[in-house]
Amino acid sequence: KKRRVLYTIPTAQNPSGSTLSNDRRIVIYHLARKYDLIILEDDPYYFLHPNRQCIPSFLSIDHNLGDGRVLRFDSVSKLLSSGMRLGFVTGPPTLVNQLNLHTQTTNLHASGISQLLAYKLLDYWGLDGFDDHAASTATFYNNRGNVLLSAAHQNLSPDLAEWNIPEAGMFLWIKILNGIHDTKTLVEEKAVDAGVLFVPGQSFCPLNEPSSYVRASYSTASDEDMNVAMERLAALIRT
């Protein structure tokens, strides 16, 4: 029997930056129980949320109800180093064991060096040290996001673009207005020529359909670069 699954990025979703409310998480979990779905909780940005202690994971909901239908995926790439490409899965032993078998027959295991570095660092920090680092990282990204939001407000008038303020993460999901319904050409040709980089919304569409959205990242750009990027985006939308 093939099992049906529900895949979700519940916190600071990529690309939209949206976070599921606590009430919505409960509703989704009960729907999964009703239709016997396994929930794949892909949550690499969870530790970047400044109020993560107040957000129940699907795994914690599942643990309280004892259903055993959630596989949770976490990543240290957003917390320690993007080059590590290292994550971990938590869930019912039956499902995790199957994932281990699959890993052994595909890529064997993640980089041994990355695993050792992460282990030694986490062992040195302990739980309190890790929590402090996560809180510091969340504050860093929150400050970076505020800089980009300020640049967007200063340069993109309401007739050019609109967006929702993300609670956490590293992305701003911008809807381009002014009659632009497909941002692929805008991003891949005009924006590149103007020296600014975004990701067109079409890249995130499962059906590869045209989109009026672009994703901006504020993870590494300087304050000045983010302001210049929004200036150039405004000019591109007007042309």
# chains A, B, ... in the order shown; residues from 1 in each chain; ligands from 1
>>> select_by_dssp(residues="region 5-238 of chain A", states="helix (DSSP H, G or I)", output="PyMOL selection string")
chain A and resi 22-34+46-48+52-54+58-65+82-84+93-104+112-155+184-193+201-204+223-238
>>> residues_around(residues="Ala118 (chain A)", least_positions_apart="4", cutoff="10 Å", atoms="only C-alpha atoms", output="short mmCIF file (atom, residue, chain, number, x, y, z; two decimals) with C-alpha atoms, in the first residue's frame")
data_model
loop_
_atom_site.label_atom_id
_atom_site.label_comp_id
_atom_site.auth_asym_id
_atom_site.auth_seq_id
_atom_site.Cartn_x
_atom_site.Cartn_y
_atom_site.Cartn_z
CA VAL A 76 22.45 23.04 10.61
CA LEU A 80 26.48 26.87 11.51
CA SER A 81 27.68 27.01 7.91
CA MET A 84 28.13 21.91 5.67
CA LEU A 86 24.13 18.75 7.01
CA GLY A 112 32.20 12.73 7.70
CA ILE A 113 34.15 15.96 8.18
CA SER A 114 30.95 18.00 8.38
CA LEU A 122 27.50 21.05 19.62
CA ASP A 123 29.27 18.98 22.27
CA TYR A 124 31.30 22.04 23.30
#
>>> atom_distance(atom1="CA of Leu233 (chain A)", atom2="CA of His153 (chain A)")
12.3 Å
>>> residues_around(residues="Leu79 (chain A)", least_positions_apart="5", cutoff="12 Å", atoms="only C-alpha atoms", output="ChimeraX atom specification")
/A:44-49,74,84-87,118,121-122,130-141,169-170,219
>>> residues_around(residues="Glu167 (chain A)", least_positions_apart="5", cutoff="8 Å", atoms="only C-alpha atoms", output="compact mmCIF listing (two decimals) with all heavy atoms, in the first residue's frame")
# COMPACT_ATOMS: atom_id res chain seq x y z
N ALA A 12 8.83 30.22 8.30
CA ALA A 12 9.62 31.05 7.38
C ALA A 12 9.81 30.35 6.04
O ALA A 12 10.92 30.21 5.54
CB ALA A 12 10.97 31.39 8.00
N GLY A 17 8.40 33.20 2.90
CA GLY A 17 8.71 33.72 4.22
C GLY A 17 7.57 33.56 5.22
O GLY A 17 7.69 34.00 6.36
N SER A 18 6.47 32.93 4.81
CA SER A 18 5.31 32.82 5.69
C SER A 18 5.51 31.74 6.75
O SER A 18 6.24 30.77 6.54
CB SER A 18 4.06 32.50 4.86
OG SER A 18 4.20 31.26 4.20
N THR A 19 4.85 31.93 7.89
CA THR A 19 4.89 30.98 8.99
C THR A 19 3.47 30.58 9.36
O THR A 19 2.61 31.44 9.55
CB THR A 19 5.59 31.61 10.22
OG1 THR A 19 6.96 31.89 9.89
CG2 THR A 19 5.56 30.67 11.41
N HIS A 49 13.61 31.67 13.83
CA HIS A 49 12.44 32.43 14.27
C HIS A 49 12.69 32.97 15.67
O HIS A 49 13.03 32.22 16.59
CB HIS A 49 11.19 31.54 14.27
CG HIS A 49 9.91 32.32 14.28
ND1 HIS A 49 9.50 33.05 15.37
CD2 HIS A 49 8.95 32.50 13.33
CE1 HIS A 49 8.35 33.64 15.10
NE2 HIS A 49 8.00 33.33 13.86
>>> closest_residue(among="A:Lys190, A:Tyr213, A:Ala161, A:Ile61", to="Trp173 (chain A)", atoms="only C-alpha atoms")
A:Tyr213
>>> residues_around(residues="Pro10 (chain A)", least_positions_apart="2", cutoff="12 Å", atoms="only C-alpha atoms", output="VMD selection string")
chain A and resid 6 to 8 12 to 22 24 to 26 28 to 29 39 to 46 49 52 55 to 59 72 to 74 167 to 169
>>> residues_around(residues="region 206-208 of chain A", least_positions_apart="5", cutoff="12 Å", atoms="only C-alpha atoms", output="list in words")
Asp182, Lys184, Pro200 and Gly201 of chain A
>>> closest_residue(among="A:Leu127, A:Asn51, A:Leu71, A:Val214", to="Gln98 (chain A)", atoms="only C-alpha atoms")
A:Leu71
>>> residues_around(residues="Ser157 (chain A)", least_positions_apart="5", cutoff="9 Å", atoms="only C-alpha atoms", output="PyMOL selection string")
chain A and resi 152+162+234
>>> write_last_selection(atoms="C-alpha atoms", output="PDB file, in the first residue's frame")
ATOM      1  CA  ALA A 152      11.879  48.240  -0.157  1.00  0.00           C
ATOM      2  CA  GLU A 162       3.720  44.700  -2.654  1.00  0.00           C
ATOM      3  CA  ALA A 234      12.123  49.961  -8.996  1.00  0.00           C
TER       4      ALA A 234
END
>>> decode(residues="region 166-179 of chain A", atoms="N, CA and C atoms", output="compact mmCIF listing (two decimals), in the first residue's frame")
# COMPACT_ATOMS: atom_id res chain seq x y z
N PRO A 166 7.83 39.11 6.51
CA PRO A 166 8.11 37.77 7.04
C PRO A 166 8.43 37.82 8.53
N GLU A 167 7.99 36.80 9.27
CA GLU A 167 8.29 36.74 10.70
C GLU A 167 9.73 36.31 10.94
N ALA A 168 10.31 35.59 10.01
CA ALA A 168 11.65 35.05 10.20
C ALA A 168 12.20 34.59 8.86
N GLY A 169 13.39 34.00 8.90
CA GLY A 169 13.98 33.45 7.67
C GLY A 169 14.99 34.38 7.05
N MET A 170 15.10 34.30 5.73
CA MET A 170 16.09 35.11 5.02
C MET A 170 15.61 35.57 3.65
N PHE A 171 14.27 35.55 3.43
CA PHE A 171 13.74 35.88 2.12
C PHE A 171 12.58 36.88 2.21
N LEU A 172 12.48 37.71 1.18
CA LEU A 172 11.34 38.60 1.01
C LEU A 172 10.70 38.26 -0.33
N TRP A 173 9.41 37.93 -0.30
CA TRP A 173 8.65 37.48 -1.46
C TRP A 173 7.87 38.69 -1.98
N ILE A 174 8.29 39.20 -3.13
CA ILE A 174 7.77 40.47 -3.64
C ILE A 174 6.90 40.24 -4.87
N LYS A 175 5.68 40.77 -4.82
CA LYS A 175 4.80 40.71 -5.98
C LYS A 175 5.00 41.97 -6.81
N ILE A 176 5.39 41.78 -8.06
CA ILE A 176 5.64 42.91 -8.96
C ILE A 176 4.32 43.34 -9.61
N LEU A 177 4.05 44.62 -9.56
CA LEU A 177 2.82 45.17 -10.14
C LEU A 177 3.14 45.89 -11.45
N ASN A 178 2.44 46.95 -11.73
CA ASN A 178 2.67 47.76 -12.94
C ASN A 178 2.50 46.94 -14.22
N GLY A 179 1.56 45.96 -14.18
CA GLY A 179 1.25 45.20 -15.39
C GLY A 179 2.20 44.08 -15.72
